[in-house]
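Have a look at run-v9.txt below; it lists compact mmCIF, C-alpha atoms.
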```
# COMPACT_ATOMS: atom_id res chain seq x y z
CA MET O 225 69.39 81.34 98.93
CA MET O 226 66.12 80.14 100.43
CA LEU O 227 65.66 77.52 97.71
CA VAL O 228 69.21 76.23 98.25
CA ARG O 229 68.63 76.10 102.01
CA LEU O 230 65.40 74.16 101.58
CA ALA O 231 66.97 71.78 99.06
CA VAL O 232 69.85 70.96 101.43
CA ALA O 233 67.52 70.54 104.41
CA TRP O 234 65.05 68.25 102.67
CA ALA O 235 67.84 66.28 100.98
CA THR O 236 69.28 65.66 104.44
CA VAL O 237 65.88 64.52 105.69
CA ALA O 238 65.63 62.08 102.77
CA ALA O 239 69.19 60.80 103.33
CA PHE O 240 68.58 60.07 107.01
CA ALA O 241 65.21 58.51 106.26
CA VAL O 242 66.89 56.02 103.93
CA PHE O 243 70.35 55.51 105.44
CA GLY O 244 70.01 56.95 108.95
CA GLY O 245 69.58 53.60 110.69
CA GLY O 246 72.92 52.33 109.43
CA TRP O 247 74.73 55.58 110.05
CA LEU O 248 73.46 55.89 113.62
CA GLY O 249 74.47 52.30 114.25
CA GLY O 250 78.12 53.25 113.70
CA LEU O 251 78.42 55.96 116.32
CA GLU O 252 81.12 54.00 118.18
CA ALA O 253 83.55 55.28 115.55
CA PRO O 254 84.49 58.82 116.72
CA LEU O 255 84.99 60.23 113.22
CA VAL O 256 81.59 58.94 112.08
CA ALA O 257 79.85 60.40 115.12
CA ALA O 258 81.65 63.75 114.78
CA GLY O 259 80.91 63.94 111.05
CA LEU O 260 77.22 63.16 111.46
CA PHE O 261 76.90 65.62 114.34
CA ALA O 262 78.58 68.40 112.34
CA TRP O 263 76.34 67.66 109.34
CA LEU O 264 73.09 67.67 111.31
CA PHE O 265 74.12 70.60 113.50
CA GLY O 266 74.96 72.67 110.43
CA VAL O 267 71.77 71.81 108.54
CA ILE O 268 69.50 72.39 111.54
CA LEU O 269 71.20 75.69 112.37
CA TRP O 270 71.03 76.82 108.73
CA SER O 271 67.35 75.87 108.61
CA ALA O 272 66.77 77.81 111.83
CA PHE O 273 68.20 80.88 110.11
CA GLY O 274 65.63 80.29 107.37
CA VAL O 275 62.84 80.14 109.94
CA VAL O 276 64.04 83.41 111.47
CA HIS O 277 64.26 85.05 108.04
CA GLU O 278 60.69 84.15 107.13
CA ALA O 279 59.45 85.14 110.57
CA GLU O 280 61.13 88.53 110.14
CA GLU O 281 59.48 88.93 106.74
CA LEU O 282 56.13 88.30 108.43
CA ALA O 283 57.08 90.71 111.21
CA ASP O 284 57.69 93.48 108.66
CA ARG O 285 54.24 92.90 107.19
CA LEU O 286 52.22 92.30 110.36
CA GLY O 287 53.99 94.79 112.64
CA GLU O 288 54.59 94.49 116.38
CA PRO O 289 53.88 92.59 118.53
CA TYR O 290 52.69 89.93 116.07
CA GLY O 291 55.99 89.72 114.22
CA THR O 292 58.19 88.88 117.16
CA LEU O 293 55.46 86.64 118.58
CA ILE O 294 55.54 84.50 115.43
CA LEU O 295 59.33 84.35 115.63
CA THR O 296 59.48 83.34 119.29
CA LEU O 297 56.76 80.71 118.88
CA SER O 298 58.58 79.24 115.86
CA ILE O 299 61.81 79.02 117.84
CA VAL O 300 60.05 77.37 120.79
CA VAL O 301 58.58 74.74 118.46
CA ILE O 302 62.15 73.87 117.40
CA GLU O 303 63.27 73.71 121.02
CA VAL O 304 60.41 71.48 122.14
CA ALA O 305 61.01 69.15 119.18
CA LEU O 306 64.70 68.75 120.08
CA VAL O 307 63.99 68.24 123.79
CA ALA O 308 61.23 65.73 123.05
CA ALA O 309 63.49 63.83 120.64
CA VAL O 310 66.26 63.50 123.23
CA MET O 311 63.85 62.52 126.01
CA LEU O 312 62.06 59.90 123.95
CA GLY O 313 65.25 58.60 122.38
CA ALA O 314 67.54 58.46 125.40
CA LYS O 315 64.86 57.33 127.88
CA ALA O 316 67.18 58.53 130.64
CA ALA O 317 67.30 62.31 130.45
CA PRO O 318 65.27 63.45 133.47
CA THR O 319 66.95 66.86 133.69
CA LEU O 320 67.12 67.75 129.98
CA GLY O 321 64.01 69.94 129.95
CA ARG O 322 65.22 71.78 133.05
CA ASP O 323 68.74 72.19 131.68
CA THR O 324 67.46 73.50 128.36
CA MET O 325 65.09 76.02 129.92
CA PHE O 326 67.78 77.21 132.32
CA ALA O 327 70.28 77.50 129.45
CA VAL O 328 67.81 79.56 127.43
CA ILE O 329 67.21 81.89 130.38
CA MET O 330 70.94 82.35 130.98
CA ILE O 331 71.90 82.71 127.31
CA VAL O 332 69.11 85.17 126.55
CA MET O 333 68.68 87.19 129.76
CA ASN O 334 72.39 87.41 130.56
CA GLY O 335 74.43 86.51 127.48
CA LEU O 336 72.40 88.22 124.74
CA VAL O 337 71.12 91.06 126.91
CA GLY O 338 74.60 91.68 128.28
CA LEU O 339 76.35 91.65 124.91
CA GLY O 340 73.56 93.65 123.29
CA LEU O 341 73.53 96.38 125.92
CA ILE O 342 77.31 96.71 125.75
CA LEU O 343 77.29 97.03 121.95
CA GLY O 344 74.28 99.35 122.02
CA GLY O 345 75.77 101.48 124.79
CA LEU O 346 79.09 101.84 123.00
CA ARG O 347 77.37 102.84 119.77
CA HIS O 348 74.38 104.85 120.99
CA HIS O 349 75.43 105.70 124.60
CA ARG O 350 71.90 105.39 126.03
CA GLN O 351 68.96 103.52 124.53
CA ASN O 352 65.28 103.87 125.35
CA TYR O 353 62.50 101.31 125.31
CA ASN O 354 58.91 100.87 126.49
CA LEU O 355 58.93 100.31 130.26
CA ASP O 356 55.39 98.88 130.22
CA GLY O 357 56.39 96.09 127.85
CA ALA O 358 59.51 95.10 129.78
CA GLY O 359 57.50 95.14 133.01
CA ALA O 360 54.83 92.88 131.48
CA TYR O 361 57.44 90.38 130.33
CA LEU O 362 59.09 90.26 133.77
CA ALA O 363 55.69 89.97 135.49
CA ALA O 364 55.18 86.73 133.56
CA ILE O 365 58.77 85.45 133.61
CA ILE O 366 59.25 85.65 137.39
CA PRO O 367 56.32 83.40 138.41
CA LEU O 368 56.80 81.08 135.41
CA THR O 369 60.45 80.40 136.24
CA THR O 370 59.81 80.17 139.97
CA ILE O 371 56.97 77.66 139.54
CA ALA O 372 58.97 75.56 137.07
CA LEU O 373 62.54 75.62 138.38
CA ILE O 374 62.49 76.52 142.09
CA ILE O 375 59.26 75.34 143.75
CA PRO O 376 59.85 71.63 142.85
CA ASN O 377 62.87 71.69 145.18
CA PHE O 378 60.71 72.69 148.14
CA THR O 379 57.79 70.28 147.79
CA THR O 380 57.73 67.36 150.23
CA SER O 381 55.91 64.85 148.00
CA THR O 382 59.11 64.05 146.09
CA PRO O 383 62.70 64.35 147.32
CA ASP O 384 64.59 65.12 144.11
CA GLY O 385 63.09 68.17 142.39
CA SER O 386 60.54 66.09 140.46
CA LEU O 387 56.76 66.39 140.68
CA THR O 388 53.86 64.12 141.49
CA VAL O 389 51.22 63.51 138.83
CA ILE O 390 48.85 65.97 140.48
CA GLN O 391 51.57 68.61 140.74
CA ALA O 392 52.68 68.04 137.13
CA VAL O 393 49.14 68.46 135.81
CA ALA O 394 48.41 71.48 138.03
CA PHE O 395 51.71 73.24 137.19
CA SER O 396 51.20 72.58 133.47
CA VAL O 397 47.70 74.04 133.53
CA LEU O 398 48.76 77.06 135.59
CA THR O 399 51.71 77.71 133.27
CA VAL O 400 49.59 77.50 130.13
CA VAL O 401 46.88 79.72 131.63
CA LEU O 402 49.38 82.37 132.70
CA TYR O 403 51.08 82.33 129.32
CA GLY O 404 47.69 82.51 127.60
CA ILE O 405 46.73 85.57 129.66
CA PHE O 406 50.04 87.18 128.71
CA LEU O 407 49.36 86.52 125.01
CA LEU O 408 45.91 88.11 125.31
CA LEU O 409 47.53 91.19 126.82
CA GLN O 410 50.29 91.25 124.22
CA THR O 411 47.99 90.96 121.22
CA GLY O 412 44.94 92.72 122.63
CA ARG O 413 44.19 95.88 124.54
CA HIS O 414 47.79 96.40 125.69
CA SER O 415 49.64 95.68 122.46
CA ASP O 416 51.02 99.23 122.63
CA PHE O 417 53.19 98.08 125.55
CA PHE O 418 55.37 96.23 123.05
CA THR O 419 55.91 99.00 120.52
CA ASP O 420 58.62 101.68 120.49
CA PHE O 421 58.78 104.06 123.40
CA ALA O 422 57.41 107.55 122.82
CA GLU O 423 57.67 110.56 125.12
CA PRO O 424 54.31 111.66 126.59
CA GLY O 425 52.68 114.14 124.24
CA ALA O 426 55.12 113.41 121.43
CA VAL O 427 53.76 113.16 117.91
CA THR O 428 54.82 109.92 116.26
CA GLU O 429 54.75 109.17 112.57
CA ALA O 430 52.59 106.30 111.49
CA ALA O 431 54.59 103.37 110.23
CA ALA O 432 54.63 103.14 106.46
CA PRO O 433 52.86 100.02 105.19
CA HIS O 434 55.10 97.38 103.70
CA PRO O 435 55.03 97.57 99.88
CA ASP O 436 54.33 93.83 99.71
CA ALA O 437 51.94 93.36 102.63
CA GLY O 438 49.04 91.66 100.86
CA THR O 439 47.44 88.42 101.93
CA GLY O 440 49.28 86.51 99.21
CA ALA O 441 52.69 87.63 100.46
CA ILE O 442 51.79 86.79 104.04
CA LEU O 443 50.61 83.31 103.07
CA ARG O 444 53.73 82.77 100.95
CA HIS O 445 56.09 83.61 103.78
CA ALA O 446 54.01 81.61 106.26
CA GLY O 447 54.30 78.60 103.94
CA LEU O 448 58.06 79.06 103.59
CA LEU O 449 58.36 79.31 107.36
CA LEU O 450 56.52 76.01 107.74
CA VAL O 451 58.61 74.13 105.17
CA SER O 452 61.75 75.54 106.81
CA LEU O 453 60.58 74.40 110.23
CA LEU O 454 59.58 70.84 109.33
CA PRO O 455 63.10 69.55 108.44
CA ILE O 456 64.34 70.64 111.87
CA VAL O 457 61.58 68.68 113.58
CA LEU O 458 62.20 65.62 111.38
CA LEU O 459 65.98 65.67 111.90
CA SER O 460 65.78 66.30 115.65
CA LYS O 461 65.54 62.59 116.53
CA SER O 462 68.78 61.77 114.70
CA LEU O 463 70.61 64.70 116.25
CA ALA O 464 69.30 63.69 119.67
CA ALA O 465 70.74 60.18 119.31
CA ILE O 466 74.17 61.55 118.36
CA LEU O 467 74.09 64.18 121.09
CA ASP O 468 73.16 61.66 123.78
CA HIS O 469 75.90 59.26 122.62
CA GLY O 470 78.52 62.01 122.47
CA ILE O 471 77.85 63.34 125.98
CA LYS O 472 78.08 59.84 127.44
CA ALA O 473 81.22 58.95 125.45
CA LEU O 474 83.02 62.15 126.43
CA GLY O 475 81.87 62.04 130.05
CA ALA O 476 80.65 65.62 129.65
CA PRO O 477 78.22 67.26 132.12
CA SER O 478 74.61 66.39 131.36
CA ALA O 479 73.76 70.11 131.39
CA LEU O 480 75.86 70.50 128.25
CA GLY O 481 73.05 68.89 126.24
CA GLY O 482 70.69 71.66 127.25
CA VAL O 483 73.27 74.30 126.35
CA ILE O 484 73.80 72.81 122.89
CA ILE O 485 70.05 72.66 122.21
CA ALA O 486 69.60 76.24 123.42
CA ALA O 487 72.51 77.39 121.25
CA ILE O 488 71.08 75.71 118.14
CA VAL O 489 67.67 77.18 118.74
CA PHE O 490 68.52 80.73 119.76
CA THR O 491 71.63 81.60 117.73
CA PRO O 492 69.63 82.98 114.76
CA GLU O 493 67.22 84.87 117.00
CA GLY O 494 70.14 86.15 119.05
CA ILE O 495 71.82 87.53 115.95
CA SER O 496 68.56 89.27 115.02
CA ALA O 497 68.38 90.83 118.49
CA ILE O 498 72.00 92.07 118.30
CA LYS O 499 71.36 93.58 114.86
CA ALA O 500 68.26 95.34 116.20
CA ILE O 501 70.23 96.83 119.09
CA ARG O 502 72.96 98.08 116.76
CA ARG O 503 70.22 99.78 114.70
CA ASP O 504 69.01 101.42 117.94
CA GLN O 505 65.84 99.28 117.92
CA LEU O 506 66.08 98.27 121.56
CA GLN O 507 62.34 97.62 121.88
CA ARG O 508 62.44 94.99 119.14
CA ALA O 509 65.45 93.36 120.80
CA ILE O 510 63.64 93.29 124.16
CA ASN O 511 60.58 91.76 122.50
CA LEU O 512 62.82 89.07 121.00
CA CYS O 513 64.83 88.32 124.15
CA LEU O 514 62.24 88.54 126.91
CA GLY O 515 59.55 87.14 124.61
CA ALA O 516 61.76 84.13 123.92
CA VAL O 517 62.18 83.41 127.63
CA THR O 518 58.45 83.84 128.31
CA SER O 519 57.48 81.51 125.46
CA THR O 520 60.17 78.97 126.32
CA VAL O 521 59.12 78.50 129.93
CA GLY O 522 55.42 78.92 129.19
CA LEU O 523 55.39 76.20 126.54
CA THR O 524 58.33 73.92 127.37
CA VAL O 525 57.20 73.17 130.93
CA PRO O 526 53.82 71.66 129.95
CA ALA O 527 55.39 69.90 126.95
CA VAL O 528 58.16 68.28 129.00
CA LEU O 529 55.80 67.28 131.81
CA ALA O 530 53.33 65.84 129.28
CA ILE O 531 56.10 63.76 127.68
CA GLY O 532 57.12 62.52 131.10
CA LEU O 533 53.57 61.53 132.05
CA ILE O 534 52.84 59.82 128.73
CA SER O 535 56.15 57.94 128.51
CA GLY O 536 56.40 57.20 132.23
CA GLN O 537 59.74 58.99 132.53
CA ARG O 538 60.85 60.85 135.63
CA VAL O 539 61.17 64.58 134.95
CA VAL O 540 63.35 66.65 137.30
CA LEU O 541 62.70 70.40 137.10
CA GLY O 542 64.22 71.71 140.33
CA LEU O 543 67.58 73.44 139.93
CA ALA O 544 70.65 72.77 142.04
CA PRO O 545 71.26 75.29 144.89
CA ALA O 546 73.99 77.21 143.04
CA GLU O 547 71.82 77.41 139.93
CA MET O 548 68.86 78.70 141.96
CA ALA O 549 71.13 81.45 143.29
CA VAL O 550 72.18 82.41 139.76
CA LEU O 551 68.54 82.39 138.59
CA ALA O 552 67.46 84.58 141.52
CA MET O 553 70.33 86.98 140.78
CA THR O 554 69.31 87.07 137.11
CA LEU O 555 65.67 87.88 137.89
CA LEU O 556 66.61 90.57 140.43
CA LEU O 557 69.15 92.10 138.07
CA SER O 558 66.64 92.08 135.19
CA VAL O 559 64.09 93.92 137.34
CA ILE O 560 66.72 96.58 138.09
CA THR O 561 67.89 96.81 134.47
CA PHE O 562 64.40 97.16 133.02
CA SER O 563 62.83 99.29 135.75
CA ARG O 564 64.10 102.66 134.52
CA GLN O 565 64.16 104.33 131.15
CA GLY O 566 67.40 104.00 129.23
CA THR O 567 70.20 101.43 129.38
CA THR O 568 73.97 101.83 129.41
CA VAL O 569 77.12 99.73 129.09
CA LEU O 570 77.16 99.09 132.86
CA GLU O 571 73.97 97.01 132.82
CA GLY O 572 75.32 94.99 129.91
CA ALA O 573 78.62 94.26 131.67
CA VAL O 574 76.86 93.05 134.83
CA HIS O 575 74.58 90.69 132.87
CA LEU O 576 77.58 89.31 130.98
CA VAL O 577 79.43 88.58 134.24
CA VAL O 578 76.43 86.57 135.47
CA PHE O 579 76.41 84.63 132.19
CA LEU O 580 80.09 83.76 132.53
CA THR O 581 79.40 82.62 136.10
CA TYR O 582 76.73 80.26 134.74
CA LEU O 583 79.18 78.81 132.18
CA THR O 584 81.74 78.24 134.93
CA LEU O 585 79.22 76.32 137.04
CA ILE O 586 78.45 73.93 134.16
CA PHE O 587 81.99 72.53 134.16
CA SER O 588 82.79 73.13 137.83
CA PRO O 589 79.53 72.70 139.81
```

Take the structure in this file and express it as structure tokens.
Amino acid sequence: MMLVRLAVAWATVAAFAVFGGGWLGGLEAPLVAAGLFAWLFGVILWSAFGVVHEAEELADRLGEPYGTLILTLSIVVIEVALVAAVMLGAKAAPTLGRDTMFAVIMIVMNGLVGLGLILGGLRHHRQNYNLDGAGAYLAAIIPLTTIALIIPNFTTSTPDGSLTVIQAVAFSVLTVVLYGIFLLLQTGRHSDFFTDFAEPGAVTEAAAPHPDAGTGAILRHAGLLLVSLLPIVLLSKSLAAILDHGIKALGAPSALGGVIIAAIVFTPEGISAIKAIRRDQLQRAINLCLGAVTSTVGLTVPAVLAIGLISGQRVVLGLAPAEMAVLAMTLLLSVITFSRQGTTVLEGAVHLVVFLTYLTLIFSP
């Protein structure tokens, strides 16, 4: 399956390298645009599943938290590539980075968490996880999202939720430093925060080593992950051109572009999180979901601001008032959900209601 996936992905890269200019020149024909979008969307999504598969293989061999860290960083690379392609191609997408980050937060922290907790609660009634890990994620997510998506609305240097050069550089540095500190905690002295919960004094069995955990296997899967990731990056520019044209032609909300990018990027990871919850591996699902949000904001903000500074484009990060209210509700609800041991169907239902509220606001702001 992996060889077929790679063959299709790289054949698509070759086809667009040779014929892409002509194909993209015919986007005024609706059937051509729809066909090309479906083709690229399918190939990129299928390739993303390949990235997730190889990252999971590495996770099995390296253990937590390194496994999910590799997965979330791989997914963020895909997201940044797609956002950068749209920004550089459209030259008029000042809110795309904001819309994509906000979509990721809503899809993951409300959609995936809500659906996952409902399915897990129905199947396992009450699921446990490591409170220290969830608290560490939220301690990073709350300031990262506030700095990126709320504070720009309250600065007086610019009137529209954008940033001055000094603010953009300072916020980028602060975001990277905070995310770097979090990574040091996650992979260093507090890596136990991100492993399965154990009752105080309980005796836990050591995890059995993977039967194929040698250096050769790790390098092989790392190589496969890379060659699965590269076609997505190479095809992102073509998809961005079609996506930008389609949103303008349909008169759709600009925020829809961010939702589509977030859906492409996080569908495979979301499926992995749901599977983990159904297997009663709530800690792994939390690492995937909250880790994805932390990595997304921590890395997308400096990337988007850097693209804006280099290309001279205006970048708007501040959310609209209704969106700020939904974000604040999401953060508060997440603190409540992950502040006590054990989750139930109720928490999942509340998160899902907030997600549906977000979807409603996209089409009826």

Sel. within 12 Å of pt (59.0, 78.5, 140.5), counting all atoms listed in the file, output as a ChimeraX atom specification: /O:322,364-379,385,395,398-399,521-522,525,541-543,548,551-552,555

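The shortest atom-to-atom distance to Gln565 in chain O, with all atoms listed in the file taken into account, belongs to O:Gly359 out of O:Gly250, O:Gly244, O:Gly340, O:Gly359.
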
Exercise: Gly532 in chain O partners within 9 Å, all atoms listed in the file, chain neighbours under 6 positions left out, as a PyMOL selection string: chain O and resi 311+318+538-539

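A straight line drawn from CA of Ala516 in chain O to CA of Thr296 in chain O is 5.2 Å long.
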
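The shell of residues at most 10 Å from Leu514 in chain O, with all atoms listed in the file counted and near chain neighbours (fewer than 4 positions) removed, consists of Thr296, Ile329, Val332, Met333, Val337, Gly357, Ala358, Ala360, Tyr361, Leu362, Ala364, Ile365, Ala509, Ile510, Thr518, Ser519 and Thr520 of chain O.
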
Atom pair CA of Ala279 in chain O / CA of Leu449 in chain O: separation (Å): 6.7 Å

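Comparing the minimum interatomic distances between Ala500 in chain O and each of O:Ala239, O:Leu450, O:Tyr582, O:Glu280, counting only C-alpha atoms, we find that O:Glu280 sits nearest.
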
Distance of CA of Ala479 in chain O from CA of Leu585 in chain O, expressed in Å to one decimal place: 10.0 Å

Close residues, Trp270 in chain O itself excluded, 12 Å, only C-alpha atoms, min 5 positions apart in chain, as a list of chain:residue names: O:Met225, O:Met226, O:Val228, O:Arg229, O:Leu230, O:Ala231, O:Val232, O:Ala233, O:Ala262, O:Trp263, O:Leu264, O:Phe265, O:Val275, O:Val276, O:His277, O:Ser452, O:Leu453, O:Pro455, O:Ile456, O:Ile488, O:Val489, O:Phe490, O:Thr491, O:Pro492

Output for the residues just chosen: C-alpha atoms as an mmCIF file, keeping the file's coordinate frame:
```
data_model
loop_
_atom_site.group_PDB
_atom_site.id
_atom_site.type_symbol
_atom_site.label_atom_id
_atom_site.label_comp_id
_atom_site.auth_asym_id
_atom_site.auth_seq_id
_atom_site.Cartn_x
_atom_site.Cartn_y
_atom_site.Cartn_z
ATOM 1 C CA MET O 225 69.390 81.340 98.930
ATOM 2 C CA MET O 226 66.120 80.140 100.430
ATOM 3 C CA VAL O 228 69.210 76.230 98.250
ATOM 4 C CA ARG O 229 68.630 76.100 102.010
ATOM 5 C CA LEU O 230 65.400 74.160 101.580
ATOM 6 C CA ALA O 231 66.970 71.780 99.060
ATOM 7 C CA VAL O 232 69.850 70.960 101.430
ATOM 8 C CA ALA O 233 67.520 70.540 104.410
ATOM 9 C CA ALA O 262 78.580 68.400 112.340
ATOM 10 C CA TRP O 263 76.340 67.660 109.340
ATOM 11 C CA LEU O 264 73.090 67.670 111.310
ATOM 12 C CA PHE O 265 74.120 70.600 113.500
ATOM 13 C CA VAL O 275 62.840 80.140 109.940
ATOM 14 C CA VAL O 276 64.040 83.410 111.470
ATOM 15 C CA HIS O 277 64.260 85.050 108.040
ATOM 16 C CA SER O 452 61.750 75.540 106.810
ATOM 17 C CA LEU O 453 60.580 74.400 110.230
ATOM 18 C CA PRO O 455 63.100 69.550 108.440
ATOM 19 C CA ILE O 456 64.340 70.640 111.870
ATOM 20 C CA ILE O 488 71.080 75.710 118.140
ATOM 21 C CA VAL O 489 67.670 77.180 118.740
ATOM 22 C CA PHE O 490 68.520 80.730 119.760
ATOM 23 C CA THR O 491 71.630 81.600 117.730
ATOM 24 C CA PRO O 492 69.630 82.980 114.760
#
```

Exercise: range 480-483 of chain O partners within 9 Å, all atoms listed in the file, chain neighbours under 3 positions left out, as a PyMOL selection string: chain O and resi 307+319-328+331+467-468+471+476-477+486-488+586-587

Residues within 12 Å of Ala394 in chain O, all atoms listed in the file, excluding chain neighbours under 6 positions, as a ChimeraX atom specification: /O:371-372,387-388,400-401,525-526,529-530

Closest of O:Thr382, O:Val577, O:Gly245, O:Gln537 to Val550 in chain O - atom-to-atom distances counting all atoms listed in the file: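 Ranked by minimum distance to Val550 in chain O, first place goes to O:Val577.
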
Could I see range 334-351 of chain O restored to N, CA, C and O atoms, set down as a short mmCIF file (atom, residue, chain, number, x, y, z; two decimals), keeping the file's coordinate frame?
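Below is the file that was written, result15.cif:
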```
data_model
loop_
_atom_site.label_atom_id
_atom_site.label_comp_id
_atom_site.auth_asym_id
_atom_site.auth_seq_id
_atom_site.Cartn_x
_atom_site.Cartn_y
_atom_site.Cartn_z
N ASN O 334 71.07 86.93 130.13
CA ASN O 334 72.39 87.41 130.56
C ASN O 334 73.36 87.53 129.39
O ASN O 334 73.99 88.57 129.22
N GLY O 335 73.49 86.45 128.58
CA GLY O 335 74.43 86.51 127.48
C GLY O 335 74.04 87.51 126.41
O GLY O 335 74.78 88.46 126.10
N LEU O 336 72.84 87.33 125.82
CA LEU O 336 72.40 88.22 124.74
C LEU O 336 72.12 89.63 125.24
O LEU O 336 72.53 90.61 124.62
N VAL O 337 71.41 89.73 126.36
CA VAL O 337 71.12 91.06 126.91
C VAL O 337 72.41 91.77 127.27
O VAL O 337 72.59 92.96 126.97
N GLY O 338 73.35 91.06 127.91
CA GLY O 338 74.60 91.68 128.28
C GLY O 338 75.39 92.16 127.09
O GLY O 338 75.81 93.33 127.02
N LEU O 339 75.60 91.28 126.10
CA LEU O 339 76.35 91.65 124.91
C LEU O 339 75.64 92.76 124.15
O LEU O 339 76.27 93.73 123.68
N GLY O 340 74.32 92.65 124.03
CA GLY O 340 73.56 93.65 123.29
C GLY O 340 73.63 95.03 123.92
O GLY O 340 73.83 96.04 123.23
N LEU O 341 73.49 95.08 125.26
CA LEU O 341 73.53 96.38 125.92
C LEU O 341 74.92 97.00 125.87
O LEU O 341 75.06 98.23 125.81
N ILE O 342 75.95 96.17 125.88
CA ILE O 342 77.31 96.71 125.75
C ILE O 342 77.51 97.30 124.35
O ILE O 342 77.98 98.44 124.19
N LEU O 343 77.13 96.54 123.32
CA LEU O 343 77.29 97.03 121.95
C LEU O 343 76.42 98.26 121.71
O LEU O 343 76.87 99.24 121.09
N GLY O 344 75.17 98.21 122.19
CA GLY O 344 74.28 99.35 122.02
C GLY O 344 74.76 100.57 122.78
O GLY O 344 74.69 101.71 122.28
N GLY O 345 75.28 100.36 124.01
CA GLY O 345 75.77 101.48 124.79
C GLY O 345 76.99 102.13 124.18
O GLY O 345 77.13 103.36 124.18
N LEU O 346 77.89 101.29 123.64
CA LEU O 346 79.09 101.84 123.00
C LEU O 346 78.74 102.63 121.74
O LEU O 346 79.38 103.65 121.44
N ARG O 347 77.72 102.18 121.04
CA ARG O 347 77.37 102.84 119.77
C ARG O 347 76.41 104.00 119.95
O ARG O 347 76.51 105.02 119.28
N HIS O 348 75.44 103.84 120.85
CA HIS O 348 74.38 104.85 120.99
C HIS O 348 74.37 105.52 122.38
O HIS O 348 73.49 106.34 122.63
N HIS O 349 75.30 105.14 123.26
CA HIS O 349 75.43 105.70 124.60
C HIS O 349 74.26 105.31 125.51
O HIS O 349 74.45 104.66 126.52
N ARG O 350 73.06 105.70 125.18
CA ARG O 350 71.90 105.39 126.03
C ARG O 350 70.72 105.08 125.12
O ARG O 350 70.41 105.85 124.21
N GLN O 351 70.07 103.95 125.38
CA GLN O 351 68.96 103.52 124.53
C GLN O 351 67.67 103.45 125.33
O GLN O 351 67.66 103.02 126.49
#
```
